[in-house]
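Asks: The structure follows.
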Amino acid sequence: MERPYGRGIVMVRAWVRSSPGTHIWLLIIGVTSLVIAAASEGLETFLLHRTSSNIHELAEHPLQSLLISGFWIESPSSFLLYAALFELVHANVERWAGTLRWLFTVGVAHVAATLISQEVLLLAIEHHAAPRAMKHVVDIGVSYGLAAAAGLLSYRVPRPWRWGWLAGLVLFFATPMLTGATFTDVGHSVAVLVGLGCGPLVRGLPPWDFGPVSRRGRRAAR
């Protein structure tokens, strides 16, 4: 007779194997978070600025800063929150769409959101709407990728629930744009749009089955 904990281990292993990219990424973030947590204040400041994809680093080390900035979070205490979001969003998208389509969406969104948001910040600096010191602002993290994955996940939510999901995304990401947007708010909006724009990549893939309502929605959509 199979023991309950043995079945649980099998299920966890299967879940991890179905979304390897998500969990490798999460493991790297866990390691870098431990590095930040163990670092002295001076070393922490150096690492956060050196791995940022801010205006200064993009000018000096464009490819390196774009890649490395996606593997760090500024506050190690928020790692558990990110872990939960990775499981809820990234893992679901990856196992549904496949690793390559998920990675393409997240990668394009991270690069596009970073470059556009930093260009917006540079224009603000040039027009004296932001201090020049913002060229060295800490700009790291995984939120752009999460925003893109949340956008792509819209296509897995069946009608009519999809419209509620989309309304939630618009409310969450558009509200800051109307109430004093920062450059990161611009980046999040760009990332969501990239995720939604990658809809053709998942065309034909089955949505979640939420029961009779989702089946009616699929029939009506045909």
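All residue names refer to the structure tokens as shown: chains lettered A, B, ... in order, residues numbered from 1 in each chain, ligands numbered from 1 in order.
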Using only C-alpha atoms, which residues sit within 12 Å of stretch 150-157 of chain A once same-chain residues fewer than 6 positions away are excluded, as a PyMOL selection string?

Replies: chain A and resi 85-97+101-106+109+143-144+163-170+172-173+188-210+213-215+217-218

Asks: Could you pull the residues within 12 Å of A:Ile125, counting only C-alpha atoms, minus those fewer than 5 positions along the same chain, as number ranges by chain?

Replies: A: 55, 118-120, 130-136, 183

Asks: For atom CA of A:Ser69 and atom CA of A:Val142, determine how far apart the two atoms are, in Å to one decimal place.

Replies: 8.1 Å

Asks: Could you pull the residues within 12 Å of A:Glu60, counting only C-alpha atoms, minus those fewer than 5 positions along the same chain, as a VMD selection string?

Replies: chain A and resid 50 to 55 65 to 66 135 to 136

Asks: For those residues, write all heavy atoms to a file as a PDB file, in the first residue's frame.

Replies:
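And here's out03.pdb as it stands now:
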ATOM      1  N   ARG A  50      25.523  46.721  -9.007  1.00  0.00           N
ATOM      2  CA  ARG A  50      26.307  46.096 -10.090  1.00  0.00           C
ATOM      3  C   ARG A  50      25.455  45.174 -10.943  1.00  0.00           C
ATOM      4  O   ARG A  50      25.725  44.983 -12.129  1.00  0.00           O
ATOM      5  CB  ARG A  50      27.487  45.315  -9.484  1.00  0.00           C
ATOM      6  CG  ARG A  50      28.477  44.809 -10.529  1.00  0.00           C
ATOM      7  CD  ARG A  50      29.155  45.984 -11.225  1.00  0.00           C
ATOM      8  NE  ARG A  50      30.140  45.545 -12.187  1.00  0.00           N
ATOM      9  CZ  ARG A  50      29.853  45.148 -13.425  1.00  0.00           C
ATOM     10  NH1 ARG A  50      28.620  45.166 -13.842  1.00  0.00           N
ATOM     11  NH2 ARG A  50      30.814  44.769 -14.258  1.00  0.00           N
ATOM     12  N   THR A  51      24.424  44.586 -10.366  1.00  0.00           N
ATOM     13  CA  THR A  51      23.578  43.650 -11.105  1.00  0.00           C
ATOM     14  C   THR A  51      22.298  44.307 -11.621  1.00  0.00           C
ATOM     15  O   THR A  51      21.420  43.621 -12.142  1.00  0.00           O
ATOM     16  CB  THR A  51      23.202  42.443 -10.220  1.00  0.00           C
ATOM     17  OG1 THR A  51      22.557  42.906  -9.021  1.00  0.00           O
ATOM     18  CG2 THR A  51      24.439  41.658  -9.832  1.00  0.00           C
ATOM     19  N   SER A  52      22.186  45.613 -11.465  1.00  0.00           N
ATOM     20  CA  SER A  52      20.996  46.331 -11.930  1.00  0.00           C
ATOM     21  C   SER A  52      21.035  46.547 -13.439  1.00  0.00           C
ATOM     22  O   SER A  52      22.109  46.630 -14.045  1.00  0.00           O
ATOM     23  CB  SER A  52      20.881  47.685 -11.225  1.00  0.00           C
ATOM     24  OG  SER A  52      20.513  47.535  -9.880  1.00  0.00           O
ATOM     25  N   SER A  53      19.861  46.663 -14.018  1.00  0.00           N
ATOM     26  CA  SER A  53      19.772  47.024 -15.438  1.00  0.00           C
ATOM     27  C   SER A  53      19.326  48.481 -15.537  1.00  0.00           C
ATOM     28  O   SER A  53      18.357  48.810 -16.227  1.00  0.00           O
ATOM     29  CB  SER A  53      18.785  46.104 -16.171  1.00  0.00           C
ATOM     30  OG  SER A  53      17.550  46.040 -15.486  1.00  0.00           O
ATOM     31  N   ASN A  54      20.041  49.341 -14.791  1.00  0.00           N
ATOM     32  CA  ASN A  54      19.732  50.768 -14.837  1.00  0.00           C
ATOM     33  C   ASN A  54      20.440  51.425 -16.019  1.00  0.00           C
ATOM     34  O   ASN A  54      21.152  50.768 -16.789  1.00  0.00           O
ATOM     35  CB  ASN A  54      20.118  51.447 -13.509  1.00  0.00           C
ATOM     36  CG  ASN A  54      21.558  51.184 -13.126  1.00  0.00           C
ATOM     37  OD1 ASN A  54      22.434  51.111 -13.985  1.00  0.00           O
ATOM     38  ND2 ASN A  54      21.829  51.030 -11.836  1.00  0.00           N
ATOM     39  N   ILE A  55      20.255  52.715 -16.165  1.00  0.00           N
ATOM     40  CA  ILE A  55      20.806  53.427 -17.323  1.00  0.00           C
ATOM     41  C   ILE A  55      22.321  53.301 -17.381  1.00  0.00           C
ATOM     42  O   ILE A  55      22.904  53.047 -18.446  1.00  0.00           O
ATOM     43  CB  ILE A  55      20.386  54.916 -17.276  1.00  0.00           C
ATOM     44  CG1 ILE A  55      18.870  55.041 -17.438  1.00  0.00           C
ATOM     45  CG2 ILE A  55      21.112  55.713 -18.363  1.00  0.00           C
ATOM     46  CD1 ILE A  55      18.335  56.446 -17.188  1.00  0.00           C
ATOM     47  N   SER A  65      23.936  43.159 -17.956  1.00  0.00           N
ATOM     48  CA  SER A  65      22.974  43.714 -17.006  1.00  0.00           C
ATOM     49  C   SER A  65      21.556  43.232 -17.297  1.00  0.00           C
ATOM     50  O   SER A  65      20.780  42.974 -16.374  1.00  0.00           O
ATOM     51  CB  SER A  65      23.022  45.246 -17.023  1.00  0.00           C
ATOM     52  OG  SER A  65      22.672  45.756 -18.291  1.00  0.00           O
ATOM     53  N   LEU A  66      21.206  43.082 -18.565  1.00  0.00           N
ATOM     54  CA  LEU A  66      19.876  42.587 -18.912  1.00  0.00           C
ATOM     55  C   LEU A  66      19.679  41.162 -18.428  1.00  0.00           C
ATOM     56  O   LEU A  66      18.603  40.799 -17.936  1.00  0.00           O
ATOM     57  CB  LEU A  66      19.667  42.652 -20.425  1.00  0.00           C
ATOM     58  CG  LEU A  66      19.295  44.015 -21.009  1.00  0.00           C
ATOM     59  CD1 LEU A  66      19.325  43.956 -22.531  1.00  0.00           C
ATOM     60  CD2 LEU A  66      17.924  44.461 -20.519  1.00  0.00           C
ATOM     61  N   LYS A 135      20.049  57.548 -12.721  1.00  0.00           N
ATOM     62  CA  LYS A 135      20.777  56.717 -13.685  1.00  0.00           C
ATOM     63  C   LYS A 135      21.412  55.510 -13.002  1.00  0.00           C
ATOM     64  O   LYS A 135      21.716  54.504 -13.651  1.00  0.00           O
ATOM     65  CB  LYS A 135      21.873  57.530 -14.384  1.00  0.00           C
ATOM     66  CG  LYS A 135      21.353  58.543 -15.386  1.00  0.00           C
ATOM     67  CD  LYS A 135      22.500  59.213 -16.120  1.00  0.00           C
ATOM     68  CE  LYS A 135      21.986  60.169 -17.192  1.00  0.00           C
ATOM     69  NZ  LYS A 135      23.098  60.783 -17.972  1.00  0.00           N
ATOM     70  N   HIS A 136      21.606  55.594 -11.700  1.00  0.00           N
ATOM     71  CA  HIS A 136      22.232  54.515 -10.938  1.00  0.00           C
ATOM     72  C   HIS A 136      21.226  53.814 -10.023  1.00  0.00           C
ATOM     73  O   HIS A 136      21.620  53.092  -9.098  1.00  0.00           O
ATOM     74  CB  HIS A 136      23.380  55.072 -10.090  1.00  0.00           C
ATOM     75  CG  HIS A 136      24.457  55.725 -10.907  1.00  0.00           C
ATOM     76  ND1 HIS A 136      25.530  55.028 -11.410  1.00  0.00           N
ATOM     77  CD2 HIS A 136      24.603  57.024 -11.319  1.00  0.00           C
ATOM     78  CE1 HIS A 136      26.305  55.863 -12.090  1.00  0.00           C
ATOM     79  NE2 HIS A 136      25.767  57.079 -12.050  1.00  0.00           N
TER      80      HIS A 136
END

Asks: Would you tabulate, counting only C-alpha atoms, all residues of stretch 65-160 of chain A that have an atom at most 12 Å from an atom of stretch 36-39 of chain A, showing the closest pair of atoms and their distance in Å to one decimal, sorted by chain then ascending number, as a tab-separated table?

Replies:
residue	atom	partner	partner_atom	distance
A:Phe71	CA	A:Ile36	CA	12.0
A:Trp72	CA	A:Ile36	CA	8.9
A:Ile73	CA	A:Ile36	CA	8.9
A:Glu74	CA	A:Ile36	CA	8.2
A:Ser75	CA	A:Ile36	CA	8.1
A:Pro76	CA	A:Ala37	CA	6.2
A:Ser77	CA	A:Ala37	CA	8.6
A:Ser78	CA	A:Ala37	CA	11.4
A:Phe79	CA	A:Ala37	CA	11.0

Asks: Would you mind reading off the distance between atom CA of A:Leu122 and atom CA of A:Val138, one decimal, in Å?

Replies: 14.4 Å

Asks: Pick the closest to A:Val108 from A:Ala148, A:Leu63, A:Val10, A:Ile28: which is it, counting only C-alpha atoms?

Replies: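 Using only C-alpha atoms, the shortest distance to A:Val108 belongs to A:Ala148.
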